[in-house]
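**Q** Next comes run_9.txt, compact mmCIF, C-alpha atoms and all ligand atoms:
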```
# COMPACT_ATOMS: atom_id res chain seq x y z
CA MET K 46 0.00 0.00 0.00
CA ARG K 47 1.27 3.49 -0.88
CA ILE K 48 0.14 6.98 0.07
CA THR K 49 -1.20 8.66 -3.08
CA LYS K 50 -2.79 11.88 -1.81
CA VAL K 51 -2.46 14.10 1.27
CA GLU K 52 -5.59 16.11 1.95
CA ILE K 53 -6.40 18.78 4.53
CA LEU K 54 -9.91 19.83 5.55
CA LYS K 55 -10.97 22.75 7.70
CA LEU K 56 -14.18 24.57 8.59
CA SER K 57 -13.85 28.34 8.33
CA LYS K 58 -16.55 28.80 11.00
CA GLY K 59 -14.91 26.34 13.39
CA ILE K 60 -16.80 24.12 15.80
CA THR K 61 -18.00 25.26 19.19
CA VAL K 62 -16.36 23.11 21.82
CA HIS K 63 -15.48 23.87 25.41
CA ALA K 64 -17.86 26.78 25.25
CA GLY K 65 -16.08 28.63 22.43
CA PRO K 66 -15.50 28.27 18.69
CA ILE K 67 -12.29 26.38 17.92
CA LYS K 68 -10.86 25.70 14.49
CA TRP K 69 -9.76 22.20 13.56
CA LEU K 70 -7.53 20.73 10.95
CA TRP K 71 -8.34 17.29 9.66
CA VAL K 72 -5.83 15.36 7.57
CA ARG K 73 -6.83 12.53 5.26
CA LEU K 74 -4.21 10.23 3.79
CA HIS K 75 -5.45 8.50 0.63
CA THR K 76 -3.86 5.26 -0.59
CA ASP K 77 -3.70 3.16 -3.73
CA ALA K 78 -5.66 0.48 -1.83
CA GLY K 79 -8.63 2.84 -1.60
CA LEU K 80 -8.30 3.17 2.18
CA ILE K 81 -8.29 6.65 3.73
CA GLY K 82 -6.69 7.45 7.10
CA LEU K 83 -8.12 10.28 9.23
CA GLY K 84 -6.19 12.53 11.62
CA GLU K 85 -6.76 15.81 13.46
CA THR K 86 -5.08 18.71 15.20
CA TYR K 87 -5.93 22.21 16.39
CA PRO K 88 -6.24 25.18 16.97
CA SER K 89 -4.46 26.95 14.06
CA PRO K 90 -5.47 25.02 10.94
CA GLY K 91 -3.89 27.60 8.60
CA ALA K 92 -0.42 27.12 10.08
CA GLU K 93 -0.78 23.37 10.70
CA GLY K 94 -2.24 22.79 7.22
CA SER K 95 0.66 24.65 5.61
CA VAL K 96 3.15 22.42 7.41
CA VAL K 97 1.25 19.34 6.23
CA LEU K 98 1.13 20.39 2.58
CA ASP K 99 4.45 22.28 2.25
CA SER K 100 6.82 20.27 4.45
CA LEU K 101 5.37 16.84 5.22
CA ALA K 102 3.34 15.74 2.16
CA PRO K 103 6.51 15.43 0.03
CA ILE K 104 7.84 12.94 2.61
CA LEU K 105 4.61 10.93 2.67
CA LEU K 106 3.69 10.62 -1.00
CA GLY K 107 4.62 7.23 -2.46
CA ARG K 108 5.56 5.78 0.95
CA ASP K 109 4.18 2.70 2.72
CA PRO K 110 1.89 4.03 5.51
CA SER K 111 2.56 1.00 7.70
CA GLU K 112 6.10 2.26 8.40
CA ILE K 113 4.81 4.60 11.09
CA ASP K 114 7.95 5.00 13.21
CA LYS K 115 10.19 5.65 10.20
CA LEU K 116 7.72 8.13 8.70
CA TRP K 117 7.47 9.90 12.08
CA ALA K 118 11.27 10.13 12.34
CA ASP K 119 11.57 11.43 8.77
CA MET K 120 8.87 14.06 9.36
CA PHE K 121 10.40 15.13 12.68
CA LEU K 122 13.82 15.50 11.04
CA ALA K 123 12.34 17.56 8.20
CA VAL K 124 10.98 20.15 10.66
CA SER K 125 13.72 19.85 13.29
CA TYR K 126 14.38 23.61 13.02
CA ALA K 127 11.23 23.95 15.14
CA GLY K 128 12.51 21.86 18.05
CA TRP K 129 9.89 19.81 19.87
CA ALA K 130 6.85 21.97 19.44
CA GLY K 131 4.69 24.31 17.44
CA ALA K 132 2.51 23.87 14.36
CA GLU K 133 5.17 21.47 13.04
CA LEU K 134 4.64 18.93 15.82
CA ARG K 135 0.88 19.41 15.70
CA ALA K 136 0.94 18.66 11.96
CA ILE K 137 2.97 15.51 12.61
CA SER K 138 0.44 14.58 15.32
CA ALA K 139 -2.46 14.74 12.86
CA ILE K 140 -0.59 12.68 10.26
CA ASP K 141 0.46 10.10 12.84
CA ILE K 142 -3.17 9.57 13.88
CA ALA K 143 -4.10 9.08 10.20
CA LEU K 144 -1.27 6.53 9.80
CA TRP K 145 -2.61 4.54 12.77
CA ASP K 146 -6.13 4.76 11.32
CA LEU K 147 -4.79 3.30 8.07
CA ALA K 148 -2.89 0.55 9.90
CA GLY K 149 -6.12 -0.43 11.64
CA LYS K 150 -8.19 -0.32 8.47
CA ALA K 151 -5.59 -2.34 6.54
CA SER K 152 -5.54 -5.06 9.21
CA GLY K 153 -9.24 -4.91 10.12
CA GLN K 154 -8.36 -4.17 13.76
CA PRO K 155 -9.16 -1.34 16.17
CA ILE K 156 -6.06 0.74 16.94
CA TYR K 157 -5.89 -0.35 20.59
CA LYS K 158 -5.31 -3.93 19.45
CA LEU K 159 -2.32 -2.82 17.36
CA LEU K 160 -0.92 -0.91 20.36
CA GLY K 161 -0.73 -4.16 22.34
CA GLY K 162 -4.37 -4.91 23.06
CA ALA K 163 -6.81 -3.93 25.78
CA SER K 164 -5.59 -3.57 29.36
CA ARG K 165 -9.16 -3.28 30.73
CA LYS K 166 -12.77 -4.07 29.85
CA THR K 167 -14.07 -0.51 30.24
CA ILE K 168 -12.31 2.86 30.44
CA PRO K 169 -12.73 5.03 33.54
CA THR K 170 -13.33 8.71 32.90
CA TYR K 171 -13.70 12.07 34.55
CA ASN K 172 -15.83 14.85 33.12
CA THR K 173 -14.24 18.18 32.34
CA CYS K 174 -16.97 20.59 33.27
CA TYR K 175 -17.60 22.73 30.23
CA ASP K 176 -21.18 21.98 30.96
CA HIS K 177 -24.66 23.40 30.73
CA LEU K 178 -24.50 23.53 34.53
CA ASP K 179 -22.00 26.12 35.83
CA PHE K 180 -19.52 24.73 38.39
CA MET K 181 -19.26 28.08 40.16
CA LYS K 182 -23.02 28.66 40.45
CA GLU K 183 -24.32 25.09 40.77
CA PRO K 184 -21.45 22.79 41.80
CA VAL K 185 -23.70 20.43 43.76
CA ARG K 186 -26.30 20.06 40.98
CA LEU K 187 -23.51 19.50 38.47
CA ALA K 188 -21.82 16.83 40.60
CA GLU K 189 -25.19 15.23 41.26
CA SER K 190 -26.09 15.03 37.56
CA LEU K 191 -22.71 13.43 36.82
CA LEU K 192 -23.11 10.91 39.63
CA GLU K 193 -26.59 10.07 38.32
CA SER K 194 -25.04 9.14 34.97
CA GLY K 195 -22.41 7.01 36.73
CA ILE K 196 -19.50 9.46 36.34
CA ARG K 197 -17.58 9.63 39.61
CA ALA K 198 -14.86 12.18 38.82
CA MET K 199 -14.88 15.73 37.48
CA LYS K 200 -12.54 18.63 36.73
CA ILE K 201 -13.16 22.30 37.55
CA TRP K 202 -11.10 25.54 37.44
CA PRO K 203 -12.69 27.89 40.01
CA PHE K 204 -9.48 29.90 40.56
CA ASP K 205 -9.09 30.99 36.91
CA SER K 206 -11.30 34.07 37.07
CA ILE K 207 -9.41 35.23 40.17
CA ALA K 208 -6.05 34.77 38.45
CA ARG K 209 -7.33 36.83 35.55
CA GLN K 210 -8.20 39.66 37.98
CA THR K 211 -4.87 39.65 39.82
CA GLY K 212 -2.53 38.45 37.08
CA GLY K 213 -1.90 35.45 39.30
CA ASN K 214 0.29 37.66 41.51
CA PHE K 215 -1.81 37.67 44.66
CA ILE K 216 -5.01 36.23 46.12
CA SER K 217 -7.01 37.82 48.92
CA PRO K 218 -8.66 35.82 51.74
CA ALA K 219 -12.08 36.51 50.19
CA GLN K 220 -10.90 35.33 46.79
CA MET K 221 -9.41 32.20 48.34
CA LYS K 222 -12.78 31.45 49.93
CA GLU K 223 -14.52 31.99 46.58
CA GLY K 224 -12.10 29.66 44.78
CA LEU K 225 -12.47 26.92 47.39
CA GLN K 226 -16.26 27.12 47.50
CA PRO K 227 -17.25 24.68 44.68
CA LEU K 228 -14.98 21.89 45.96
CA ARG K 229 -16.04 22.54 49.55
CA ALA K 230 -19.73 22.33 48.53
CA ILE K 231 -19.19 19.07 46.60
CA ARG K 232 -17.28 17.52 49.52
CA GLU K 233 -19.93 18.61 52.03
CA ARG K 234 -22.75 17.11 49.96
CA PHE K 235 -21.15 13.99 48.50
CA GLY K 236 -18.10 13.29 50.69
CA ASP K 237 -15.57 11.26 48.70
CA GLN K 238 -18.14 9.79 46.28
CA MET K 239 -16.99 12.35 43.70
CA ASP K 240 -13.32 12.76 42.84
CA VAL K 241 -12.44 16.32 41.81
CA ALA K 242 -9.42 17.43 39.78
CA MET K 243 -8.44 21.07 40.06
CA GLU K 244 -7.26 22.79 36.87
CA PHE K 245 -5.30 26.08 36.91
CA HIS K 246 -4.29 26.57 33.25
CA GLY K 247 -0.82 27.82 34.21
CA LEU K 248 -2.15 31.16 35.42
CA TRP K 249 -0.45 31.51 38.84
CA THR K 250 2.88 32.66 40.22
CA LEU K 251 4.76 30.32 42.55
CA PRO K 252 3.88 31.87 45.95
CA CYS K 253 0.17 31.94 45.13
CA ALA K 254 0.29 28.37 43.78
CA ILE K 255 1.90 27.21 47.05
CA GLN K 256 -0.71 29.09 49.07
CA ILE K 257 -3.67 27.69 47.09
CA ALA K 258 -2.29 24.14 47.20
CA GLN K 259 -2.01 24.34 50.98
CA GLU K 260 -5.59 25.59 51.32
CA LEU K 261 -6.83 22.76 49.09
CA GLU K 262 -5.11 19.99 51.05
CA PRO K 263 -7.99 19.27 53.47
CA PHE K 264 -10.36 18.75 50.51
CA LYS K 265 -8.17 16.07 48.90
CA PRO K 266 -8.64 16.85 45.20
CA MET K 267 -7.61 14.17 42.67
CA TRP K 268 -4.75 16.35 41.43
CA LEU K 269 -3.60 19.94 40.88
CA GLU K 270 -3.14 20.54 37.16
CA GLU K 271 -0.80 23.14 35.67
CA MET K 272 -0.72 25.60 38.55
CA LEU K 273 2.27 27.31 36.87
CA PRO K 274 3.30 27.87 33.26
CA GLN K 275 5.31 24.98 31.86
CA ASP K 276 8.63 26.60 31.07
CA ASN K 277 10.55 26.41 34.36
CA LEU K 278 10.56 22.96 35.88
CA PRO K 279 12.70 23.82 38.95
CA ALA K 280 9.78 26.07 39.99
CA TYR K 281 7.53 23.00 39.72
CA ASP K 282 9.94 21.09 41.96
CA ARG K 283 9.48 23.75 44.62
CA LEU K 284 5.71 23.57 44.28
CA ALA K 285 5.76 19.75 44.41
CA ARG K 286 7.87 19.82 47.59
CA SER K 287 5.52 22.33 49.23
CA THR K 288 2.35 20.22 49.06
CA ARG K 289 1.17 16.71 49.82
CA LEU K 290 -1.23 16.89 46.86
CA PRO K 291 -0.19 15.31 43.54
CA LEU K 292 0.59 17.54 40.56
CA CYS K 293 -0.51 16.75 37.01
CA LEU K 294 1.51 17.85 33.94
CA SER K 295 0.56 18.56 31.15
CA GLU K 296 -0.96 18.94 27.72
CA ARG K 297 1.53 21.75 27.11
CA LEU K 298 4.55 19.46 27.19
CA MET K 299 5.53 18.27 23.74
CA SER K 300 7.05 14.93 22.71
CA ARG K 301 9.05 12.43 24.77
CA TRP K 302 11.84 15.00 25.03
CA GLY K 303 9.49 17.52 26.61
CA PHE K 304 8.23 14.99 29.18
CA ARG K 305 11.66 13.56 29.98
CA GLU K 306 12.71 16.29 32.37
CA VAL K 307 9.40 16.33 34.26
CA MET K 308 9.74 12.62 34.91
CA GLU K 309 13.43 12.78 35.83
CA ARG K 310 12.75 15.55 38.33
CA GLY K 311 9.72 13.85 39.85
CA ALA K 312 7.84 17.13 39.45
CA ALA K 313 4.52 15.46 38.56
CA GLN K 314 2.64 12.40 39.77
CA PHE K 315 0.26 12.26 36.81
CA ILE K 316 1.36 12.54 33.18
CA MET K 317 -1.05 14.14 30.71
CA PRO K 318 -0.07 14.05 27.01
CA ASP K 319 -2.42 15.37 24.30
CA ILE K 320 -2.30 13.11 21.22
CA CYS K 321 -3.10 15.98 18.81
CA TRP K 322 -0.28 18.16 20.16
CA THR K 323 2.50 16.01 21.52
CA GLY K 324 3.22 13.99 18.37
CA GLY K 325 0.27 11.69 17.79
CA ILE K 326 -0.68 8.24 19.05
CA SER K 327 2.90 7.01 18.57
CA GLU K 328 4.39 9.71 20.73
CA ALA K 329 1.71 9.59 23.43
CA LYS K 330 2.30 5.82 23.69
CA LYS K 331 6.06 6.37 24.00
CA VAL K 332 5.61 9.09 26.63
CA SER K 333 3.28 6.75 28.54
CA THR K 334 5.74 3.86 28.39
CA MET K 335 8.47 6.19 29.61
CA ALA K 336 6.15 7.16 32.48
CA GLU K 337 5.85 3.47 33.41
CA THR K 338 9.59 3.38 34.07
CA TYR K 339 9.10 6.18 36.64
CA TYR K 340 6.05 4.39 38.15
CA LEU K 341 3.79 7.21 36.97
CA PRO K 342 0.19 6.79 35.80
CA VAL K 343 -1.11 8.55 32.69
CA ALA K 344 -4.27 10.60 32.24
CA PRO K 345 -4.56 11.49 28.53
CA HIS K 346 -5.66 15.06 27.77
CA ASN K 347 -8.87 14.82 25.73
CA CYS K 348 -10.57 18.18 25.70
CA GLY K 349 -10.49 18.85 21.99
CA GLY K 350 -12.03 17.54 18.81
CA PRO K 351 -13.90 14.41 17.86
CA VAL K 352 -10.97 12.54 16.30
CA LEU K 353 -8.83 13.24 19.37
CA HIS K 354 -11.67 11.77 21.43
CA ALA K 355 -11.59 8.50 19.47
CA ALA K 356 -7.79 8.31 19.36
CA SER K 357 -7.56 8.97 23.11
CA LEU K 358 -10.01 6.16 23.86
CA HIS K 359 -7.87 3.71 21.84
CA LEU K 360 -4.75 4.78 23.74
CA ALA K 361 -6.58 4.61 27.07
CA ALA K 362 -7.92 1.14 26.27
CA ASN K 363 -4.34 -0.03 25.82
CA LEU K 364 -2.19 1.73 28.42
CA PRO K 365 -1.28 -0.57 31.33
CA ASN K 366 -0.55 2.55 33.42
CA LEU K 367 -3.78 4.44 32.72
CA LYS K 368 -5.14 6.46 35.65
CA ILE K 369 -8.27 7.84 33.98
CA ILE K 370 -9.25 9.56 30.71
CA GLU K 371 -10.62 13.06 30.36
CA THR K 372 -13.91 13.43 28.47
CA VAL K 373 -16.55 16.16 28.14
CA ARG K 374 -20.18 15.09 28.07
CA ARG K 375 -21.22 18.29 26.35
CA HIS K 376 -18.90 17.30 23.49
CA TYR K 377 -20.03 13.70 22.97
CA ASP K 378 -23.70 14.42 23.79
CA ASP K 379 -23.99 17.52 21.68
CA GLU K 380 -21.15 19.28 19.92
CA TYR K 381 -19.66 16.28 18.06
CA LEU K 382 -23.06 15.49 16.53
CA ASN K 383 -23.03 15.99 12.74
CA ILE K 384 -19.23 16.16 12.87
CA ILE K 385 -18.25 12.56 13.57
CA SER K 386 -20.00 9.24 13.74
CA PRO K 387 -20.25 7.49 16.05
CA THR K 388 -19.64 10.10 18.78
CA LEU K 389 -18.49 7.50 21.38
CA SER K 390 -20.34 7.95 24.68
CA PRO K 391 -19.95 6.29 28.08
CA VAL K 392 -22.24 3.57 29.42
CA ASN K 393 -22.91 3.75 33.17
CA GLY K 394 -20.07 6.24 33.58
CA GLU K 395 -17.32 4.28 31.79
CA PHE K 396 -16.40 4.04 28.12
CA PRO K 397 -16.69 0.74 26.28
CA LEU K 398 -13.63 -0.29 24.29
CA PRO K 399 -13.75 1.80 21.10
CA PRO K 400 -14.80 0.22 17.81
CA GLY K 401 -12.63 -0.38 14.77
CA PRO K 402 -11.26 -0.87 12.31
CA GLY K 403 -8.71 1.88 12.86
CA LEU K 404 -10.18 4.74 14.87
CA GLY K 405 -13.67 3.32 14.32
CA VAL K 406 -15.05 6.78 13.54
CA GLU K 407 -15.42 8.84 10.36
CA LEU K 408 -16.25 12.44 9.60
CA ASP K 409 -20.02 12.71 9.24
CA ASN K 410 -21.55 13.23 5.80
CA ALA K 411 -22.91 16.54 7.10
CA VAL K 412 -19.34 17.90 7.25
CA PHE K 413 -18.91 17.39 3.50
CA LYS K 414 -22.11 19.37 2.83
CA ARG K 415 -21.09 22.38 4.92
CA PRO K 416 -20.60 25.58 2.90
CA ASP K 417 -17.64 26.61 5.09
CA LEU K 418 -15.66 23.40 4.39
CA MET K 419 -12.32 24.06 2.69
CA ILE K 420 -10.34 21.20 1.16
CA GLN K 421 -6.82 21.26 -0.29
CA SER K 422 -4.68 18.37 -1.38
CA ILE K 423 -1.37 17.32 -2.91
CA SER K 424 -0.99 14.14 -4.90
MG MG Y 501 -5.28 21.15 31.43
```
So that I can check it, write out the structure of this file as structure tokens.

**A**
Amino acid sequence: MRITKVEILKLSKGITVHAGPIKWLWVRLHTDAGLIGLGETYPSPGAEGSVVLDSLAPILLGRDPSEIDKLWADMFLAVSYAGWAGAELRAISAIDIALWDLAGKASGQPIYKLLGGASRKTIPTYNTCYDHLDFMKEPVRLAESLLESGIRAMKIWPFDSIARQTGGNFISPAQMKEGLQPLRAIRERFGDQMDVAMEFHGLWTLPCAIQIAQELEPFKPMWLEEMLPQDNLPAYDRLARSTRLPLCLSERLMSRWGFREVMERGAAQFIMPDICWTGGISEAKKVSTMAETYYLPVAPHNCGGPVLHAASLHLAANLPNLKIIETVRRHYDDEYLNIISPTLSPVNGEFPLPPGPGLGVELDNAVFKRPDLMIQSIS
């Protein structure tokens, strides 16, 4: 089998996910066998699409798509001026997902079987709360509605609006109380029935992060995610040493080289790669295997598009060291409709093993009828 055409697809209007419009890039790799592999990245489809067509398509055309590791290495070398990150690595991520989709379709297997098979019968999840219920205004109702559907873990970011007011440079006692309130209310109502991860989006300075972590300790959240920006890991060491709570890092770390130092330093207890950013399914699997050698569990970042959702479920089905996978019920219940089929939803709070062959999902026919769809290709 040979790759005969490299195609990019984007929607000029974007898709509304996590409560705002985001623009996606889809990549389709066509082959002489008639099979088409699907991949995805975001959020700058213009830049990522240019890398695909200008820099990476010439490497792919005419090649055997089953040689995933060699193709990855050749693509990474071709854009090595960019280091580990940027639109270059996101473009490679999308192509890598499409290569795995093709490998699955060619063999008639779901991707998780090609990764080494299932490590569990169902996949545990937590819900990231971009929800119709607001976690600041109605934390108890939100937690209750999740528990009713069988979901026993959730993620909230109640300190973000405070950080945006103070630049992350200070937090008053009243603001601390406000930030703690949703978790306090959930604990008071449901005890430890609901696990709660706290997300900070890298908005805080070190002294405030230390202060907030200490205040959160009695409430035992599942983890503290990205309290600081990701560019100075010795600062993370200081934060990690200042709290008994586990830190989670991070969708903003790119490739195995980006995760290496975090693991060596012991700065995080949970490892969170994003398949669409960190280098694809191949790279997320390698990062996860590396995490195993440091006795660290993995919680894949899955707060993006519909292909990421499917790819993340295949990875999560396979990983022996999976902690839990992120999902967003508003995405699979609502916003992925008419974009992908099937949308892949949980049953009694856990995800079934994803279907195949390959990703087991395809772009919906409705996407191809949208007036804002733009397609470009090189063959
Ligand atoms: Mg995050």

**Q** Check every protein, DNA and RNA residue against ligand MG 501 (chain Y), keep those with an atom at most 10 Å away (counting only C-alpha atoms and all ligand atoms), and present them as a PyMOL selection string.

**A** chain K and resi 173+200+202+243-247+269-272+293-297+317-319+346-348+371

**Q** Do you know which residues lie at most 12 Å from (7.9, 3.6, 28.3), with coordinates as in the file and all atoms listed in the file counted, and could you write them as a list in words?

**A**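 With a cut-off of 12 Å, the residues come to Arg301, Phe304, Arg305, Met308, Ser327, Glu328, Ala329, Lys330, Lys331, Val332, Ser333, Thr334, Met335, Ala336, Glu337, Thr338, Tyr339, Tyr340, Leu341, Pro342, Val343, Leu364, Pro365 and Asn366 of chain K.
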
**Q** Might you pull out every residue within 10 Å of region 212-218 of chain K, with only C-alpha atoms counted and same-chain residues fewer than 6 positions away left off, and present them as a ChimeraX atom specification?

**A** /K:204-206,224,247-254,256-257,272-273

**Q** Could you check how far CA of Thr170 (chain K) sits from CA of Arg197 (chain K), in Å to one decimal?

**A**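 So the two atoms, CA of Thr170 (chain K) and CA of Arg197 (chain K), lie 8.0 Å apart.
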
**Q** Kindly indicate which residue among K:Ala219, K:Cys174, K:Val96, K:Val352 lies nearest to Val406 (chain K), using only C-alpha atoms for the distances.

**A**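 Closest residue, counting only C-alpha atoms: K:Val352.
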
**Q** Measuring between only C-alpha atoms, which one of K:Met299, K:Ile326, K:Leu382, K:Ile201 shows the shortest distance to Met267 (chain K)?

**A**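 Using only C-alpha atoms, Met267 (chain K) sits closest to K:Ile201.
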
**Q** Hey, what's within 12 Å of Arg186 (chain K) if we count all atoms listed in the file and toss same-chain stuff fewer than 3 positions away? As an NGL selection string, please?

**A** :K and (176-183 or 189-193 or 227 or 230-231 or 234-235)

**Q** Taking into account all atoms listed in the file, which residue in the set K:Gln421, K:Ser125, K:Gln314, K:Ser111 is nearest to Leu98 (chain K)?

**A**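 Ranking K:Gln421, K:Ser125, K:Gln314, K:Ser111 by distance to Leu98 (chain K), first place goes to K:Gln421.
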
**Q** Quick one: which region 310-361 of chain K residues come within 9 Å of region 280-289 of chain K, and what is the nearest atom pair for each with the distance in Å to one decimal, counting all atoms listed in the file, rows ordered by chain and ascending number, as a Markdown table?

**A**
```
| residue | atom | partner | partner_atom | distance |
| --- | --- | --- | --- | --- |
| K:Arg310 | CA | K:Asp282 | CA | 7.2 |
| K:Gly311 | CA | K:Asp282 | CA | 7.5 |
| K:Ala312 | CA | K:Asp282 | CA | 5.1 |
| K:Ala313 | CA | K:Ala285 | CA | 7.4 |
```

**Q** Find the distance between CA of Leu398 (chain K) and CA of Leu358 (chain K) and write it in Å to one decimal.

**A** 7.4 Å

**Q** By how many Å are CA of Ala132 (chain K) and CA of Leu54 (chain K) apart?

**A**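 Atom-to-atom, CA of Ala132 (chain K) and CA of Leu54 (chain K) are spaced 15.8 Å apart.
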